[in-house]
Structure formats: C-alpha cells, structure tokens
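What follows is a short report on a single structure.
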Amino acid sequence: MSEYVRKETQLPKPIKSHIYQLDIELTERCNNNCIHCCINLPENDDISFHKEMTTDQIKEYLLQAASLGCMAVRFTGGEPLLRNDFEEIYIFTRKLGMKVLIFTNARLITKSFTELLVKIPPMIPIEITVYGMHQSSYEAITRSPGSFNQFWRGVDLLLEHKIPFIVKSAILPSNKKELIEFETWAKTLPGNNSNPGYAMFFDLRNRRDDETKNSLIKKLRITPDEGMEILSRDKENYLHTMKQFSQKFIGPVGDQLFACGAGQSLCIDAYGRFQPCMGLRDPELVHKLGTTLADSLVKFKQLKEIRATNPEYLSRCAHCFIKGLCEQCPAKSWAEYGTLDTPVEYLCEIAHTQAYYLGLLSSGEKGWLINPEEFQERIDRVVNG
Ligand code: SF4
Ligand code: SF4
C-alpha cells in the first residue's frame, strides 16, 4: 500500500468530532485581478503576505485535520500556487493520506509541478477556472497581461502529463459569446463529460473591504432572466434535476439562521482563522489563530441554535416556500449588508425567476405568501407534471 493511502487502523480513536473535508485558503493574493473577484488582493500585497500562515502552522492544522478523520483538503485562494511552499504543503497533505483538491487559474503550473503530480497524484481532479477562449476576452477579465498564454501553458502541461482536471468558467461581458466554443472545447478534455459549471450570480467582496469593487461587481451581475436562460439551456436536464431537487429541498426553514451545512466542515482563511464556511467572514463568527480545529468544530455546531431576529427576514425568508431555490444565506447577507439575516434582493429575484419557470409559483406570486397547505400540492404538480 502506498504511503499516501491512510489505513483505517492509522486513524486515531475514538474520534469525537469528524470532518470529512477541510478547506484552506492559502492566500488572498492573486496573480490575476479579475473584475468580478470577491476576494483577491494584489500578488505583491506585503501586508497580506506577512500575515499569512507559516508553513508550520498549516502543517499543524493538517495534522489536526487528519486526526479528526478528514479525508480531503481543498486548497484555494486567491491563487494557492503563489505560495512558495505549496509543493511542500501538498506533499505533507498527501503523506497524511488525505486527498487534495486544488482550485487554480493554472498560470503557475510548471513542468516540475506536473511531474510531482504524476508521482503523487492529488486523487481529486484539479479545478481550473477559464476566463475566456481568446486573449482579448480572457485578459479583459483577469486584467493581467500575459495571463492567457500562461493559463494555456498550464493546461497543456496537465494534458501532456495526463493529470486529471476539470474546467469551469465565470460568465462575464467579454466571454458571454464564447459559451459554445468553451463547452465544445471542454468536451474534448479527458474527464470533462458533463457541461462545465459557471459562476454568474457574483458575490460581493466577502470581507466588505472595497466599495468601488462592489459597485463594479453589481454592474457585472447577470439579470435573473439571463441567468434563467443559461440555467435552462438544456431544458430537459434542468427540469429533471430541479424536479428531484424540489422533492427534497423545497419548503420553508423557519427562523433557524444556519439551515445549511455550515459547522459540519471547516474552513481556514489565509491568516489561520477558522470559519464555518469559506464565504462567511463576519468577524463575530471567525475564530482566531490558536484555537484547535476540534474546538472550532464544537463551537460551530452551536450555529444551528442561532435564530434570525430581523423582522423583514422573519416575515419573508422564514416562511418562504422557495427557500431551497434561494442562495440567500448568512454569508451572502453579511457580504451584501453587514448583517446575517437580511433578505438579499438580487438572490430573491433569481429564486423567484426559477420558481416561475418551474411552475412552483405563478407570475408575480411571492414565495413567502403561499399558504403552507398548498406547498405539497404545488411540488407534486411540478414533479408529476
Ligand atoms: S483568478 Fe480567482 S482569485 Fe484570482 S482574481 Fe481571478 S477570480 Fe479572484
Ligand atoms: S426567495 Fe426571497 S424571501 Fe425567499 S428565502 Fe430567498 S431572499 Fe428570502
């Protein structure tokens, strides 16, 4: 058995708290400066660089994660490959027997790194965001001259070395017309069998740190109708997926604020602070460096007890029949308004547009005004219709 596979007997016992996956944001810095980005700081941001976790701190958290039964670690950023110690961290993680998922823009993938990936496979396909199929569309988004050629070089190296990866994209003005070209290319890549995923309903800056950038992001957001057109391009598949989804997830969740998976897994930001999910940066809910993963897991489990208090949330989201379709959550609310329980109007419109399309609501109806006795009847109508 390879040294990168953890035997069951190696797991410490008893395990009081488990985590299946750990997310580590290795840096907020990025070599791109994407127009829609909710997180990036400049590559040469000295203040951020000096605050980032040291290699030893990251290794310590990885050890803790392994002892909690963690099976997979996702390294994200910014651009995680900007860190000079990335390869050391990667090897350390794999030696602990944990699989690795890398989110990257592929610009810093080198021959020696691909050779390392051949020798020690990550066991999960790398995820690469593709900002455009041509230099002009790509660099209109990344605002980094030369980034397009570097991205292609990275992709070519992965292909040459047969390293599994999947591609995804963000729908923005300069690349909107290239969707078919992108998808046609994506289908030629080994392992990319289904249509790629897209980011299009962009988050505002997670740290609420840049009002100018937020105004730009708001302007770049696709309209709910445009989004619906894209989501339902493969109508049959979309309806099939959404019918199954509706059966399981449609219905109100009441005043429980964290009805999501927050607290079941863990995220660590670039500076060693624990977050219940990657998007949730509210300082009140972030644990400072020094707390253990196990302690944070216990504390984050208590999130399930937090109740919404905003009257607007209580009169709308708490009763909302289509909450399952809506991306409104404490993280999005905090990024938009600085509170955990404010309905996010943009997401509200998107959810309603989907509900009208599916027939869960008639045009103009509001999800929070539907009589609870009607919920099941409406779901059945959509599922069996
Ligand atoms: S590559 Fe990703 S992290 Fe970097 S600026 Fe673009 S969206 Fe942000
Ligand atoms: S659709 Fe609107 S009311 Fe319903 S949960 Fe989302 S934000 Fe709240």
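Ordering of the structure tokens sets the chain letters (A, B, ...), residue numbers begin anew at 1 in every chain, and ligands are numbered from 1 in the order given.
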
- Message: Taking only C-alpha atoms and all ligand atoms into account, list the residues no farther than 8 Å from ligand 2, as a list in words.
- Response: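 If we count only C-alpha atoms and all ligand atoms, the neighbours of ligand 2 turn out to be Pro252, Tyr313, Arg316, Cys317, Ala318, His319, Cys320, Phe321, Ile322, Lys323, Gly324, Leu325, Cys326, Glu327, Gln328, Thr342, Pro343, Val344, Glu345, Leu347, Cys348, Glu349, Ile350, Ala351, His352, Lys366, Gly367 and Trp368 of chain A.
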
Would you write out those residues with N, CA and C atoms, as a compact mmCIF listing (two decimals), in the first residue's frame?
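Result written to selection18.txt:
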```
# COMPACT_ATOMS: atom_id res chain seq x y z
N PRO A 252 -40.18 25.95 3.61
CA PRO A 252 -39.57 26.96 4.49
C PRO A 252 -38.73 26.31 5.60
N TYR A 313 -36.66 39.53 7.67
CA TYR A 313 -36.31 38.13 7.43
C TYR A 313 -37.42 37.22 7.97
N ARG A 316 -40.42 37.24 5.79
CA ARG A 316 -40.23 36.74 4.42
C ARG A 316 -39.52 35.39 4.41
N CYS A 317 -38.21 35.40 4.58
CA CYS A 317 -37.41 34.18 4.38
C CYS A 317 -37.86 33.03 5.30
N ALA A 318 -38.22 33.35 6.53
CA ALA A 318 -38.59 32.29 7.48
C ALA A 318 -39.80 31.49 6.99
N HIS A 319 -40.67 32.14 6.20
CA HIS A 319 -41.88 31.44 5.72
C HIS A 319 -41.78 31.06 4.26
N CYS A 320 -40.63 31.31 3.67
CA CYS A 320 -40.58 31.26 2.21
C CYS A 320 -40.58 29.83 1.68
N PHE A 321 -41.56 29.56 0.88
CA PHE A 321 -41.78 28.25 0.28
C PHE A 321 -40.62 27.86 -0.66
N ILE A 322 -39.97 28.86 -1.28
CA ILE A 322 -38.92 28.54 -2.25
C ILE A 322 -37.51 28.77 -1.69
N LYS A 323 -37.40 28.76 -0.37
CA LYS A 323 -36.09 28.99 0.26
C LYS A 323 -35.04 28.03 -0.30
N GLY A 324 -35.44 26.81 -0.60
CA GLY A 324 -34.49 25.83 -1.14
C GLY A 324 -33.89 26.24 -2.48
N LEU A 325 -34.59 27.10 -3.21
CA LEU A 325 -34.07 27.55 -4.51
C LEU A 325 -33.19 28.78 -4.37
N CYS A 326 -33.19 29.34 -3.18
CA CYS A 326 -32.59 30.66 -2.99
C CYS A 326 -31.21 30.54 -2.35
N GLU A 327 -30.29 31.33 -2.87
CA GLU A 327 -28.92 31.28 -2.32
C GLU A 327 -28.74 32.23 -1.14
N GLN A 328 -29.82 32.89 -0.73
CA GLN A 328 -29.71 33.76 0.45
C GLN A 328 -29.22 32.92 1.62
N THR A 342 -30.51 39.42 6.52
CA THR A 342 -31.25 40.34 5.65
C THR A 342 -31.53 39.63 4.32
N PRO A 343 -32.78 39.67 3.86
CA PRO A 343 -33.03 39.05 2.54
C PRO A 343 -32.18 39.74 1.48
N VAL A 344 -31.51 38.96 0.65
CA VAL A 344 -30.64 39.54 -0.40
C VAL A 344 -31.50 39.69 -1.66
N GLU A 345 -31.81 40.94 -2.01
CA GLU A 345 -32.81 41.18 -3.05
C GLU A 345 -32.43 40.55 -4.39
N LEU A 347 -30.65 37.88 -4.96
CA LEU A 347 -30.85 36.43 -4.89
C LEU A 347 -32.33 36.09 -4.82
N CYS A 348 -33.09 36.97 -4.18
CA CYS A 348 -34.54 36.78 -4.07
C CYS A 348 -35.16 36.78 -5.48
N GLU A 349 -34.73 37.72 -6.30
CA GLU A 349 -35.27 37.79 -7.67
C GLU A 349 -34.89 36.54 -8.46
N ILE A 350 -33.66 36.08 -8.28
CA ILE A 350 -33.21 34.89 -9.03
C ILE A 350 -34.05 33.67 -8.62
N ALA A 351 -34.25 33.52 -7.31
CA ALA A 351 -35.04 32.37 -6.83
C ALA A 351 -36.47 32.44 -7.38
N HIS A 352 -37.05 33.63 -7.37
CA HIS A 352 -38.43 33.75 -7.88
C HIS A 352 -38.49 33.48 -9.38
N LYS A 366 -45.38 35.68 -4.54
CA LYS A 366 -44.21 35.72 -3.68
C LYS A 366 -44.14 34.44 -2.85
N GLY A 367 -42.93 33.91 -2.76
CA GLY A 367 -42.75 32.62 -2.09
C GLY A 367 -43.17 32.62 -0.63
N TRP A 368 -43.11 33.79 0.02
CA TRP A 368 -43.42 33.83 1.45
C TRP A 368 -44.91 34.02 1.73
```

Taking only C-alpha atoms and all ligand atoms into account, produce a table as a Markdown table in which each residue of chain A with an atom at most 9 Å from an atom of ligand 1 appears once, together with its shortest atom pair and the distance in Å to one decimal, ordered by chain and rising number.
```
| residue | atom | partner | partner_atom_place_in_ligand_line | distance |
| --- | --- | --- | --- | --- |
| A:Glu28 | CA | ligand 1 | 3 (S) | 7.3 |
| A:Arg29 | CA | ligand 1 | 3 (S) | 7.4 |
| A:Cys30 | CA | ligand 1 | 4 (Fe) | 4.6 |
| A:Asn31 | CA | ligand 1 | 4 (Fe) | 6.3 |
| A:Asn32 | CA | ligand 1 | 5 (S) | 4.5 |
| A:Asn33 | CA | ligand 1 | 5 (S) | 4.2 |
| A:Cys34 | CA | ligand 1 | 5 (S) | 4.1 |
| A:Ile35 | CA | ligand 1 | 5 (S) | 7.4 |
| A:His36 | CA | ligand 1 | 7 (S) | 6.7 |
| A:Cys37 | CA | ligand 1 | 8 (Fe) | 4.3 |
| A:Cys38 | CA | ligand 1 | 8 (Fe) | 6.6 |
| A:Ile39 | CA | ligand 1 | 8 (Fe) | 6.0 |
| A:Asn40 | CA | ligand 1 | 8 (Fe) | 4.9 |
| A:Leu41 | CA | ligand 1 | 5 (S) | 7.8 |
| A:Pro42 | CA | ligand 1 | 5 (S) | 8.5 |
| A:Thr76 | CA | ligand 1 | 3 (S) | 8.3 |
| A:Gly77 | CA | ligand 1 | 3 (S) | 5.7 |
| A:Gly78 | CA | ligand 1 | 3 (S) | 3.7 |
| A:Glu79 | CA | ligand 1 | 3 (S) | 5.5 |
| A:Pro80 | CA | ligand 1 | 3 (S) | 8.8 |
| A:Phe103 | CA | ligand 1 | 2 (Fe) | 8.5 |
| A:Thr104 | CA | ligand 1 | 1 (S) | 7.0 |
| A:Asn105 | CA | ligand 1 | 1 (S) | 5.2 |
| A:Ala106 | CA | ligand 1 | 1 (S) | 8.9 |
| A:Thr129 | CA | ligand 1 | 1 (S) | 7.3 |
| A:Val130 | CA | ligand 1 | 1 (S) | 9.0 |
| A:Tyr131 | CA | ligand 1 | 6 (Fe) | 8.4 |
| A:Ile141 | CA | ligand 1 | 6 (Fe) | 7.9 |
| A:Thr142 | CA | ligand 1 | 6 (Fe) | 6.0 |
| A:Arg143 | CA | ligand 1 | 5 (S) | 8.9 |
| A:Ala170 | CA | ligand 1 | 7 (S) | 8.5 |
```

- Can you tell me how far CA of Pro145 in chain A sits from CA of Ile109 in chain A, in Å to one decimal?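 For CA of Pro145 in chain A relative to CA of Ile109 in chain A, the distance reads 17.2 Å.
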
- For Leu179 in chain A, work out the shell of residues within 10 Å, counting only C-alpha atoms and skipping chain neighbours fewer than 2 positions away, then give it as a ChimeraX atom specification. /A:132-133,169,171,175-177,181-185,196,198,230

Residues near Gln135 in chain A, cut-off 9 Å, only C-alpha atoms, skip fewer than 6 positions along chain, as a PDB file with N, CA, C and O atoms, in the first residue's frame:
```pdb
ATOM      1  N   GLY A 146      -0.513  38.858 -20.339  1.00  0.00           N
ATOM      2  CA  GLY A 146       0.284  37.621 -20.380  1.00  0.00           C
ATOM      3  C   GLY A 146      -0.410  36.449 -19.692  1.00  0.00           C
ATOM      4  O   GLY A 146       0.024  35.305 -19.810  1.00  0.00           O
ATOM      5  N   SER A 147      -1.513  36.720 -18.975  1.00  0.00           N
ATOM      6  CA  SER A 147      -2.146  35.640 -18.196  1.00  0.00           C
ATOM      7  C   SER A 147      -2.719  34.548 -19.098  1.00  0.00           C
ATOM      8  O   SER A 147      -2.695  33.366 -18.753  1.00  0.00           O
ATOM      9  N   PHE A 148      -3.229  34.944 -20.273  1.00  0.00           N
ATOM     10  CA  PHE A 148      -3.854  33.952 -21.161  1.00  0.00           C
ATOM     11  C   PHE A 148      -2.834  32.901 -21.611  1.00  0.00           C
ATOM     12  O   PHE A 148      -3.098  31.697 -21.527  1.00  0.00           O
ATOM     13  N   ASN A 149      -1.682  33.363 -22.042  1.00  0.00           N
ATOM     14  CA  ASN A 149      -0.670  32.402 -22.509  1.00  0.00           C
ATOM     15  C   ASN A 149      -0.182  31.512 -21.374  1.00  0.00           C
ATOM     16  O   ASN A 149       0.057  30.317 -21.553  1.00  0.00           O
TER      17      ASN A 149
END
```

- Message: Could you list, as a list in words, every residue within 8 Å of range 281-295 of chain A, counting only C-alpha atoms and ignoring same-chain residues fewer than 3 positions away?
- Response: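 Close residues of range 281-295 of chain A: Ser17, Tyr61, Gln64, Ala65, Leu68, Asn206, Arg207, Leu266, Tyr271, Gly272, Arg273, Phe274, Gln275, Pro276, Met278, Val298, Lys299, Ala331, Trp334 and Gly338 of chain A.
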
- Can you work out the spacing between CA of Gly69 in chain A and CA of Leu96 in chain A in Å, to one decimal?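 So the answer is 10.6 Å.
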
- Task: Name the closest residue to Leu204 in chain A among the candidates A:Ala355, A:Leu63, A:Ile217, A:Leu239; distances are taken between atoms, counting only C-alpha atoms.
- Result: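 Counting only C-alpha atoms, the residue closest to Leu204 in chain A is A:Ile217.
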
- Note on the structure: For Gly261 in chain A, the closest of A:Phe165, A:Asn237, A:Glu127, A:Leu303 counting only C-alpha atoms is A:Leu303

- Message: If I take CA of Phe258 in chain A and CA of Arg381 in chain A, how far is one from the other in Å, to one decimal?
- Response: 29.1 Å

- Message: List the spatial neighbours of Leu340 in chain A as a count of residues only - criterion: any atom at most 9 Å away, only C-alpha atoms, same-chain residues fewer than 4 positions off excluded.
- Response: 11

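With only C-alpha atoms as the atoms that count, the residue of A:Cys260, A:Leu358, A:Leu220, A:Ile102 with the shortest distance to Tyr238 in chain A is A:Leu358.
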
- Task: Apply DSSP to the backbone of this structure and, from range 25-98 of chain A, keep only the residues in helix (DSSP H, G or I); write these as a PyMOL selection string.
- Result: chain A and resi 46-51+55-67+80-82+86-95

Per-residue DSSP, range 88-192 of chain A, filtered to strand (DSSP E), as a compact mmCIF listing (two decimals) with all heavy atoms, in the first residue's frame:
```txt
# COMPACT_ATOMS: atom_id res chain seq x y z
N LYS A 99 -6.74 13.24 0.42
CA LYS A 99 -6.79 13.64 -0.99
C LYS A 99 -6.71 15.16 -1.07
O LYS A 99 -7.06 15.85 -0.10
CB LYS A 99 -8.12 13.18 -1.61
CG LYS A 99 -8.32 11.69 -1.58
CD LYS A 99 -9.70 11.36 -2.10
CE LYS A 99 -9.96 9.88 -1.94
NZ LYS A 99 -11.30 9.51 -2.38
N VAL A 100 -6.33 15.66 -2.23
CA VAL A 100 -6.18 17.12 -2.37
C VAL A 100 -6.95 17.62 -3.59
O VAL A 100 -6.85 17.06 -4.68
CB VAL A 100 -4.69 17.49 -2.51
CG1 VAL A 100 -4.54 18.96 -2.90
CG2 VAL A 100 -3.95 17.25 -1.19
N LEU A 101 -7.72 18.67 -3.36
CA LEU A 101 -8.38 19.38 -4.46
C LEU A 101 -7.75 20.77 -4.55
O LEU A 101 -7.68 21.49 -3.54
CB LEU A 101 -9.89 19.49 -4.18
CG LEU A 101 -10.69 20.42 -5.09
CD1 LEU A 101 -10.56 20.04 -6.56
CD2 LEU A 101 -12.18 20.37 -4.70
N ILE A 102 -7.27 21.11 -5.73
CA ILE A 102 -6.63 22.42 -5.92
C ILE A 102 -7.51 23.28 -6.83
O ILE A 102 -7.85 22.87 -7.94
CB ILE A 102 -5.23 22.26 -6.58
CG1 ILE A 102 -4.35 21.31 -5.76
CG2 ILE A 102 -4.56 23.63 -6.73
CD1 ILE A 102 -3.08 20.87 -6.49
N PHE A 103 -7.90 24.46 -6.34
CA PHE A 103 -8.58 25.45 -7.18
C PHE A 103 -7.51 26.40 -7.70
O PHE A 103 -6.82 27.05 -6.90
CB PHE A 103 -9.57 26.27 -6.34
CG PHE A 103 -10.92 25.63 -6.14
CD1 PHE A 103 -11.15 24.30 -6.46
CD2 PHE A 103 -11.99 26.38 -5.64
CE1 PHE A 103 -12.40 23.72 -6.27
CE2 PHE A 103 -13.24 25.80 -5.46
CZ PHE A 103 -13.44 24.48 -5.77
N THR A 104 -7.37 26.50 -9.00
CA THR A 104 -6.29 27.35 -9.52
C THR A 104 -6.69 27.98 -10.85
O THR A 104 -7.58 27.49 -11.55
CB THR A 104 -5.00 26.51 -9.70
OG1 THR A 104 -3.98 27.32 -10.27
CG2 THR A 104 -5.20 25.30 -10.59
N ILE A 126 -8.03 18.42 -10.43
CA ILE A 126 -7.79 19.86 -10.20
C ILE A 126 -8.95 20.63 -10.83
O ILE A 126 -9.53 20.18 -11.82
CB ILE A 126 -6.45 20.25 -10.87
CG1 ILE A 126 -5.30 19.54 -10.17
CG2 ILE A 126 -6.23 21.76 -10.89
CD1 ILE A 126 -3.98 19.65 -10.88
N GLU A 127 -9.32 21.77 -10.24
CA GLU A 127 -10.38 22.60 -10.85
C GLU A 127 -9.78 23.91 -11.35
O GLU A 127 -9.16 24.65 -10.58
CB GLU A 127 -11.50 22.86 -9.85
CG GLU A 127 -12.29 21.59 -9.57
CD GLU A 127 -13.63 21.84 -8.89
OE1 GLU A 127 -14.17 22.96 -9.00
OE2 GLU A 127 -14.12 20.88 -8.26
N ILE A 128 -9.99 24.16 -12.64
CA ILE A 128 -9.39 25.34 -13.28
C ILE A 128 -10.50 26.26 -13.80
O ILE A 128 -11.41 25.80 -14.50
CB ILE A 128 -8.49 24.91 -14.45
CG1 ILE A 128 -7.32 24.09 -13.91
CG2 ILE A 128 -7.99 26.13 -15.23
CD1 ILE A 128 -6.43 23.52 -14.98
N THR A 129 -10.42 27.52 -13.44
CA THR A 129 -11.39 28.47 -13.99
C THR A 129 -10.82 29.07 -15.26
O THR A 129 -9.67 29.53 -15.29
CB THR A 129 -11.70 29.58 -12.97
OG1 THR A 129 -12.04 28.96 -11.73
CG2 THR A 129 -12.87 30.43 -13.44
N VAL A 130 -11.65 29.03 -16.30
CA VAL A 130 -11.24 29.52 -17.63
C VAL A 130 -12.01 30.82 -17.88
O VAL A 130 -13.23 30.82 -17.96
CB VAL A 130 -11.60 28.47 -18.71
CG1 VAL A 130 -11.18 28.96 -20.10
CG2 VAL A 130 -10.94 27.14 -18.40
N PHE A 165 -8.11 16.99 -14.67
CA PHE A 165 -8.59 18.30 -14.23
C PHE A 165 -9.94 18.57 -14.87
O PHE A 165 -10.28 17.99 -15.90
CB PHE A 165 -7.60 19.42 -14.57
CG PHE A 165 -7.43 19.70 -16.05
CD1 PHE A 165 -8.14 20.73 -16.66
CD2 PHE A 165 -6.56 18.93 -16.82
CE1 PHE A 165 -7.97 20.99 -18.02
CE2 PHE A 165 -6.40 19.19 -18.17
CZ PHE A 165 -7.10 20.23 -18.78
N ILE A 166 -10.73 19.42 -14.22
CA ILE A 166 -11.99 19.85 -14.84
C ILE A 166 -11.96 21.37 -14.98
O ILE A 166 -11.25 22.06 -14.25
CB ILE A 166 -13.24 19.39 -14.06
CG1 ILE A 166 -13.24 19.93 -12.64
CG2 ILE A 166 -13.38 17.91 -14.04
CD1 ILE A 166 -14.58 19.71 -11.94
N VAL A 167 -12.73 21.85 -15.95
CA VAL A 167 -12.74 23.29 -16.19
C VAL A 167 -14.11 23.87 -15.84
O VAL A 167 -15.13 23.18 -15.90
CB VAL A 167 -12.38 23.63 -17.66
CG1 VAL A 167 -10.93 23.34 -17.93
CG2 VAL A 167 -13.29 22.91 -18.64
N LYS A 168 -14.12 25.12 -15.46
CA LYS A 168 -15.35 25.86 -15.16
C LYS A 168 -15.11 27.29 -15.60
O LYS A 168 -13.99 27.65 -15.99
CB LYS A 168 -15.67 25.75 -13.67
CG LYS A 168 -14.53 26.17 -12.78
CD LYS A 168 -14.74 25.74 -11.34
CE LYS A 168 -13.55 26.22 -10.52
NZ LYS A 168 -13.57 25.87 -9.13
N SER A 169 -16.15 28.10 -15.55
CA SER A 169 -15.97 29.47 -16.04
C SER A 169 -16.84 30.44 -15.26
O SER A 169 -17.64 30.04 -14.41
CB SER A 169 -16.31 29.53 -17.53
OG SER A 169 -15.98 30.80 -18.05
N ALA A 170 -16.64 31.71 -15.55
CA ALA A 170 -17.48 32.77 -14.98
C ALA A 170 -18.06 33.53 -16.17
O ALA A 170 -17.32 33.87 -17.10
CB ALA A 170 -16.63 33.69 -14.12
```

- Note on the structure: Among A:Ser194, A:Gln247, A:Val253, A:Asn384, Asp234 in chain A is approached most closely, using only C-alpha atoms, by A:Ser194

If we count only C-alpha atoms and set the cut-off at 10 Å, which residues sit around Gly359 in chain A, ignoring sequence neighbours fewer than 6 positions away in its own chain? Please answer as an mmCIF file with C-alpha atoms, in the first residue's frame.
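Printed below is part.cif as written:
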```cif
data_model
loop_
_atom_site.group_PDB
_atom_site.id
_atom_site.type_symbol
_atom_site.label_atom_id
_atom_site.label_comp_id
_atom_site.auth_asym_id
_atom_site.auth_seq_id
_atom_site.Cartn_x
_atom_site.Cartn_y
_atom_site.Cartn_z
ATOM 1 C CA THR A 353 -37.481 33.689 -11.558
ATOM 2 C CA ARG A 378 -47.502 22.598 -5.808
ATOM 3 C CA ILE A 379 -44.436 20.385 -5.520
ATOM 4 C CA ARG A 381 -47.753 19.306 -9.633
ATOM 5 C CA VAL A 382 -44.235 20.216 -10.747
ATOM 6 C CA GLY A 385 -46.493 17.472 -14.396
#
```

- Message: Counting only C-alpha atoms, which residue out of A:His134, A:Lys162, A:His50, A:Lys95 sits closest to Val118 in chain A?
- Response: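 Residue with the minimum atom-to-atom distance to Val118 in chain A: A:Lys162.
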
- Note on the structure: Among A:Leu116, A:Arg221, A:Ile250, A:Glu229, Pro372 in chain A is approached most closely, using only C-alpha atoms, by A:Ile250
